[in-house]
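**Q** Provided herewith: work.txt, compact mmCIF, C-alpha atoms.
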```
# COMPACT_ATOMS: atom_id res chain seq x y z
CA MET A 20 -55.88 -16.23 46.75
CA ALA A 21 -58.68 -15.18 44.40
CA GLN A 22 -58.38 -16.49 40.85
CA PHE A 23 -59.38 -14.06 38.09
CA ARG A 24 -60.36 -15.40 34.64
CA LEU A 25 -62.45 -14.24 31.72
CA GLN A 26 -65.71 -15.93 30.74
CA GLY A 27 -65.79 -14.74 27.15
CA SER A 28 -64.59 -11.15 26.78
CA LYS A 29 -67.31 -9.32 28.72
CA VAL A 30 -67.69 -11.31 31.94
CA LEU A 31 -65.14 -11.65 34.75
CA ALA A 32 -65.21 -14.88 36.76
CA VAL A 33 -63.51 -14.81 40.17
CA ASP A 34 -62.97 -18.09 42.02
CA LEU A 35 -63.01 -17.52 45.78
CA ALA A 36 -61.99 -19.89 48.56
CA GLY A 37 -62.73 -17.69 51.53
CA ASP A 38 -60.98 -14.79 49.78
CA THR A 39 -62.16 -11.20 49.36
CA VAL A 40 -62.32 -8.91 46.33
CA LYS A 41 -63.52 -5.34 45.84
CA ALA A 42 -65.81 -4.62 42.90
CA ARG A 43 -67.96 -1.87 41.44
CA ASN A 44 -71.23 -1.84 43.33
CA GLY A 45 -73.95 -3.65 41.38
CA SER A 46 -71.54 -5.34 38.95
CA MET A 47 -72.28 -8.89 40.15
CA VAL A 48 -74.36 -10.74 37.53
CA ALA A 49 -74.31 -14.29 38.99
CA TYR A 50 -72.54 -16.51 41.53
CA THR A 51 -72.24 -20.09 42.69
CA GLY A 52 -71.60 -21.24 46.25
CA GLN A 53 -71.88 -18.98 49.30
CA MET A 54 -71.14 -15.27 48.88
CA GLY A 55 -71.44 -12.25 51.12
CA PHE A 56 -71.73 -8.68 49.77
CA LYS A 57 -70.94 -5.57 51.76
CA LYS A 58 -71.22 -2.03 50.44
CA LEU A 59 -68.21 0.11 51.33
CA SER A 60 -68.72 3.78 52.10
CA GLY A 61 -65.18 5.15 52.37
CA GLY A 62 -62.12 5.38 54.60
CA GLY A 63 -59.62 2.72 55.54
CA ASP A 64 -56.76 1.23 53.53
CA GLY A 65 -56.74 4.09 51.04
CA LEU A 66 -60.22 3.19 49.79
CA ARG A 67 -61.60 6.71 50.22
CA GLY A 68 -59.76 7.85 47.13
CA MET A 69 -61.54 5.13 45.15
CA VAL A 70 -64.98 5.87 46.58
CA THR A 71 -65.16 9.66 46.63
CA ARG A 72 -63.31 12.32 44.69
CA ARG A 73 -63.78 15.08 47.21
CA LEU A 74 -62.92 18.06 45.04
CA THR A 75 -65.09 17.05 42.11
CA GLY A 76 -68.01 15.42 43.92
CA GLU A 77 -67.63 12.35 41.70
CA ARG A 78 -68.50 9.08 43.41
CA MET A 79 -67.65 5.46 42.73
CA GLU A 80 -69.50 2.99 44.93
CA VAL A 81 -67.58 -0.15 45.83
CA MET A 82 -68.65 -3.43 47.38
CA GLU A 83 -66.64 -6.10 49.17
CA VAL A 84 -67.33 -9.67 48.08
CA LYS A 85 -66.23 -12.64 50.20
CA GLY A 86 -67.09 -16.31 50.10
CA GLN A 87 -66.65 -19.79 48.70
CA GLY A 88 -67.44 -20.37 45.04
CA THR A 89 -67.35 -18.35 41.84
CA CYS A 90 -68.65 -14.81 41.38
CA PHE A 91 -69.29 -13.31 37.96
CA PHE A 92 -68.97 -9.58 37.26
CA ALA A 93 -69.81 -7.40 34.25
CA ASP A 94 -70.51 -3.75 33.44
CA GLN A 95 -72.92 -2.86 30.62
CA ALA A 96 -71.43 -5.47 28.26
CA THR A 97 -68.09 -3.62 28.07
CA GLU A 98 -64.90 -5.53 27.30
CA ILE A 99 -62.83 -6.65 30.30
CA ASN A 100 -59.05 -6.57 30.46
CA LEU A 101 -57.04 -8.35 33.16
CA VAL A 102 -53.99 -6.56 34.57
CA ARG A 103 -51.49 -8.36 36.79
CA LEU A 104 -49.57 -6.09 39.16
CA ASN A 105 -46.29 -7.20 40.70
CA GLY A 106 -45.48 -4.21 42.86
CA GLU A 107 -46.04 -1.55 40.20
CA THR A 108 -48.86 1.01 40.02
CA LEU A 109 -51.87 1.00 37.72
CA PHE A 110 -53.42 4.39 36.95
CA VAL A 111 -56.99 3.96 35.70
CA GLU A 112 -60.09 6.08 35.19
CA SER A 113 -62.61 5.26 37.94
CA ASP A 114 -65.31 4.46 35.37
CA ASN A 115 -63.07 1.72 33.98
CA LEU A 116 -62.13 -0.06 37.21
CA LEU A 117 -64.34 -3.12 37.68
CA CYS A 118 -62.72 -5.35 40.31
CA THR A 119 -59.49 -5.78 42.32
CA GLU A 120 -58.03 -8.32 44.67
CA ALA A 121 -58.27 -7.24 48.30
CA THR A 122 -54.46 -7.38 48.48
CA LEU A 123 -54.24 -4.31 46.25
CA ARG A 124 -54.26 -0.79 47.68
CA THR A 125 -56.36 1.90 46.01
CA GLY A 126 -56.18 5.66 46.16
CA THR A 127 -56.22 8.77 43.98
CA SER A 128 -53.65 10.64 41.95
CA PHE A 129 -53.95 14.30 40.93
CA THR A 130 -54.07 14.75 37.15
CA GLY A 131 -55.06 18.40 36.82
CA LEU A 132 -55.80 19.53 33.27
CA ASN A 133 -54.93 16.09 31.90
CA GLY A 134 -57.94 14.65 33.68
CA MET A 135 -60.17 17.59 32.88
CA ALA A 136 -59.45 17.15 29.16
CA SER A 137 -60.57 13.52 29.29
CA GLY A 138 -63.78 14.50 31.05
CA ASN A 139 -62.86 12.70 34.29
CA GLY A 140 -62.12 15.54 36.67
CA LEU A 141 -58.96 16.41 38.56
CA PHE A 142 -58.14 12.94 39.88
CA THR A 143 -57.62 9.41 38.60
CA THR A 144 -57.61 6.16 40.55
CA LYS A 145 -54.34 4.40 41.32
CA VAL A 146 -54.01 0.73 42.26
CA GLU A 147 -50.82 -0.59 43.87
CA GLY A 148 -49.40 -3.86 45.16
CA GLN A 149 -49.45 -7.53 44.19
CA GLY A 150 -52.52 -9.02 42.56
CA TRP A 151 -55.09 -8.85 39.80
CA ALA A 152 -57.21 -5.94 38.63
CA ALA A 153 -59.98 -5.99 36.02
CA VAL A 154 -60.37 -2.94 33.80
CA THR A 155 -63.23 -2.30 31.37
CA SER A 156 -63.09 -0.68 27.95
CA ARG A 157 -65.63 0.24 25.29
CA GLY A 158 -64.45 -2.25 22.71
CA PRO A 159 -61.28 -4.39 22.90
CA ALA A 160 -58.47 -2.34 24.43
CA VAL A 161 -55.21 -1.87 22.56
CA ILE A 162 -52.08 -2.03 24.74
CA LEU A 163 -49.41 0.35 23.44
CA ARG A 164 -45.81 0.39 24.67
CA VAL A 165 -43.99 3.64 25.40
CA ALA A 166 -40.18 3.64 25.32
CA GLN A 167 -37.49 6.24 25.95
CA GLY A 168 -37.33 8.60 23.00
CA LEU A 169 -40.59 7.25 21.56
CA PRO A 170 -43.44 9.26 23.10
CA LEU A 171 -47.06 8.31 22.56
CA ARG A 172 -49.97 10.68 22.01
CA VAL A 173 -53.49 9.52 22.85
CA ASP A 174 -56.89 11.11 22.36
CA PRO A 175 -58.10 11.94 25.91
CA GLY A 176 -61.43 10.21 25.30
CA ALA A 177 -59.73 6.96 24.27
CA TYR A 178 -57.43 6.72 27.29
CA VAL A 179 -58.28 3.97 29.80
CA ALA A 180 -55.25 3.23 31.98
CA HIS A 181 -51.47 2.97 32.14
CA THR A 182 -48.67 1.26 34.05
CA GLY A 183 -44.94 1.85 34.29
CA ASN A 184 -42.74 4.89 34.77
CA LEU A 185 -44.66 7.32 32.59
CA ASN A 186 -45.13 11.07 32.59
CA ARG A 187 -48.16 12.55 30.91
CA ALA A 188 -48.80 16.05 29.67
CA LEU A 189 -51.63 17.73 27.84
CA LYS A 190 -50.62 18.80 24.33
CA SER A 191 -52.44 20.92 21.79
CA GLY A 192 -53.08 19.37 18.40
CA ALA A 193 -53.76 22.79 16.95
CA GLY A 194 -51.58 23.94 14.09
CA TRP A 195 -51.79 26.19 11.03
CA THR A 196 -54.44 23.98 9.39
CA THR A 197 -56.59 24.25 12.53
CA LEU A 198 -56.36 28.03 12.50
CA ILE A 199 -57.60 28.24 8.91
CA GLY A 200 -60.39 25.76 9.55
CA GLU A 201 -58.89 22.69 7.91
CA GLY A 202 -57.75 20.80 11.02
CA GLY A 203 -58.63 17.23 11.82
CA GLY A 204 -60.74 18.06 14.88
CA GLU A 205 -58.29 16.52 17.39
CA ALA A 206 -57.63 19.72 19.33
CA MET A 207 -55.99 18.14 22.41
CA GLN A 208 -53.98 15.00 23.08
CA VAL A 209 -52.32 13.45 26.11
CA GLU A 210 -48.62 12.77 25.55
CA PHE A 211 -46.94 9.91 27.42
CA THR A 212 -43.15 9.81 27.82
CA GLY A 213 -40.88 7.37 29.67
CA GLU A 214 -41.33 3.61 29.77
CA GLY A 215 -44.57 1.73 30.27
CA LEU A 216 -47.85 0.50 28.81
CA VAL A 217 -50.94 2.52 27.88
CA TYR A 218 -54.42 0.98 27.50
CA VAL A 219 -56.50 2.65 24.77
CA GLN A 220 -60.12 1.94 23.88
CA PRO A 221 -61.52 2.17 20.32
CA SER A 222 -64.60 4.12 21.43
CA GLU A 223 -64.06 7.66 22.69
CA ARG A 224 -65.88 9.20 25.66
CA LEU A 225 -67.06 12.81 25.64
CA THR A 226 -64.16 15.19 26.32
CA PHE A 227 -63.39 18.87 26.50
CA GLY A 228 -60.58 18.67 23.95
CA GLY A 229 -62.09 17.07 20.86
CA ASP A 230 -65.16 16.13 18.95
CA ALA A 231 -65.80 12.78 20.67
```
For this file, write the structure as structure tokens.

**A**
Amino acid sequence: MAQFRLQGSKVLAVDLAGDTVKARNGSMVAYTGQMGFKKLSGGGDGLRGMVTRRLTGERMEVMEVKGQGTCFFADQATEINLVRLNGETLFVESDNLLCTEATLRTGTSFTGLNGMASGNGLFTTKVEGQGWAAVTSRGPAVILRVAQGLPLRVDPGAYVAHTGNLNRALKSGAGWTTLIGEGGGEAMQVEFTGEGLVYVQPSERLTFGGDA
């Protein structure tokens, strides 16, 4: 099976021995040995959800990499976080998904207003099965645990991904101070309840709900 490891904090090294991985198209920065690259255009094994968000027109181009040797991946010098899945589901923004083992299934999950508030449309990518996934973040990601009775609120622009049995809902941060013009500028947050882990980045993307 493919071996995922970090080369520093901004480069993913994947050791392949005839194995296959799926990665963001154009994310390969170097390789040793013999590698083959094939651009994937949709359909099959749930990949269409990862490649094209039909209702929003948003596209994520994916390539299949197979060979013998080591392949190195990166994306605009962003930080890379390794996530090991053992049968659970990873929900991740498509812009943050760098690479997955071929054993993992990918698709889409409807997020509605939650996704719209984070500036990522109506859908998010879900990754399921057994294997490794590499997720990028703008700055080192913080992994926050959510437990029963201890909900977590996250700025939509800082959200990257989550695992576990979590529900999320869009919440207004507006209160009396906001109405009189003395609020903190965080108009909307995403609230997570249940049990699981949430990946948060220290640099916020542009959203509809705040000043980021």

**Q** Please provide as a CSV table (one decimal) with C-alpha atoms, keeping the file's coordinate frame all residues within 9 Å of Ala93 of chain A, with the sequence filter that same-chain residues fewer than 6 positions apart are discarded (counting only C-alpha atoms).

**A**
```
chain,number,residue,atom,x,y,z
A,29,LYS,CA,-67.3,-9.3,28.7
A,30,VAL,CA,-67.7,-11.3,31.9
A,31,LEU,CA,-65.1,-11.6,34.8
A,46,SER,CA,-71.5,-5.3,39.0
A,47,MET,CA,-72.3,-8.9,40.2
A,48,VAL,CA,-74.4,-10.7,37.5
A,99,ILE,CA,-62.8,-6.6,30.3
A,117,LEU,CA,-64.3,-3.1,37.7
A,155,THR,CA,-63.2,-2.3,31.4
```

**Q** Hey, which of A:Lys85, A:Arg187, A:Arg172, A:Arg24 ends up closest to Thr39 of chain A? Count only C-alpha atoms.

**A** A:Lys85

**Q** So what do you get for atom CA of Val179 of chain A versus atom CA of Tyr50 of chain A, distance-wise?

**A**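 That distance, rounded to one decimal, is 27.6 Å.
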
**Q** Taking all atoms listed in the file into account, name the residue in A:Thr119, A:Asn44, A:Asn186, A:Thr127 that is nearest to Val154 of chain A.

**A** A:Thr119

**Q** I'd like the interatomic distance between atom CA of Ser222 of chain A and atom CA of Gly176 of chain A, to a tenth of an Å.

**A**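 Calculated distance between atom CA of Ser222 of chain A and atom CA of Gly176 of chain A is 7.9 Å.
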
**Q** So how far away is atom CA of Val81 of chain A from atom CA of Gln53 of chain A, in Å?

**A** 19.6 Å

**Q** Which residue, A:Thr182, A:Thr144, A:Thr212, A:Ser191, has the smallest gap to Gln167 of chain A when you use all atoms listed in the file?

**A**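 Closest residue, counting all atoms listed in the file: A:Thr212.
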
**Q** Name all residues at most 7 Å from Leu189 of chain A (count only C-alpha atoms; drop same-chain ones fewer than 3 positions away) and give them as a list in words.

**A** Asn133, Met207, Gln208, Val209 and Glu210 of chain A

**Q** Determine, counting all atoms listed in the file, which protein, DNA and RNA residues have an atom within 8 Å of an atom of Val33 of chain A; residues of the same chain fewer than 6 positions away are not included. Present the result as a ChimeraX atom specification.

**A** /A:21-24,89-91

**Q** For a quick check of understanding, using all atoms listed in the file, which of A:Asn115, A:Ser128, A:Thr108, A:Ser156 has the smallest distance to Leu216 of chain A?

**A**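 Looking only at the distances to Leu216 of chain A, the closest residue turns out to be A:Thr108.
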
**Q** Can you list, as a list in words, every protein, DNA or RNA residue that comes within 8 Å of Gln87 of chain A when you count only C-alpha atoms, leaving out same-chain residues fewer than 2 positions away?

**A**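 Near Gln87 of chain A, the qualifying residues are Asp34, Leu35, Ala36, Gly37, Asp38, Gly52, Gln53, Met54, Lys85 and Thr89 of chain A.
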
**Q** Pick the closest to Asn100 of chain A from A:Gly168, A:Gly215, A:Gly27, A:Gly45: which is it, counting only C-alpha atoms?

**A**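 That would be A:Gly27, the residue with the smallest distance to Asn100 of chain A.
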
**Q** Rank nothing, just name the residue among A:Thr125, A:Thr143, A:Gln95, A:Asn184 nearest to Glu112 of chain A, using only C-alpha atoms.

**A**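 Among A:Thr125, A:Thr143, A:Gln95, A:Asn184, it is A:Thr143 that comes nearest to Glu112 of chain A.
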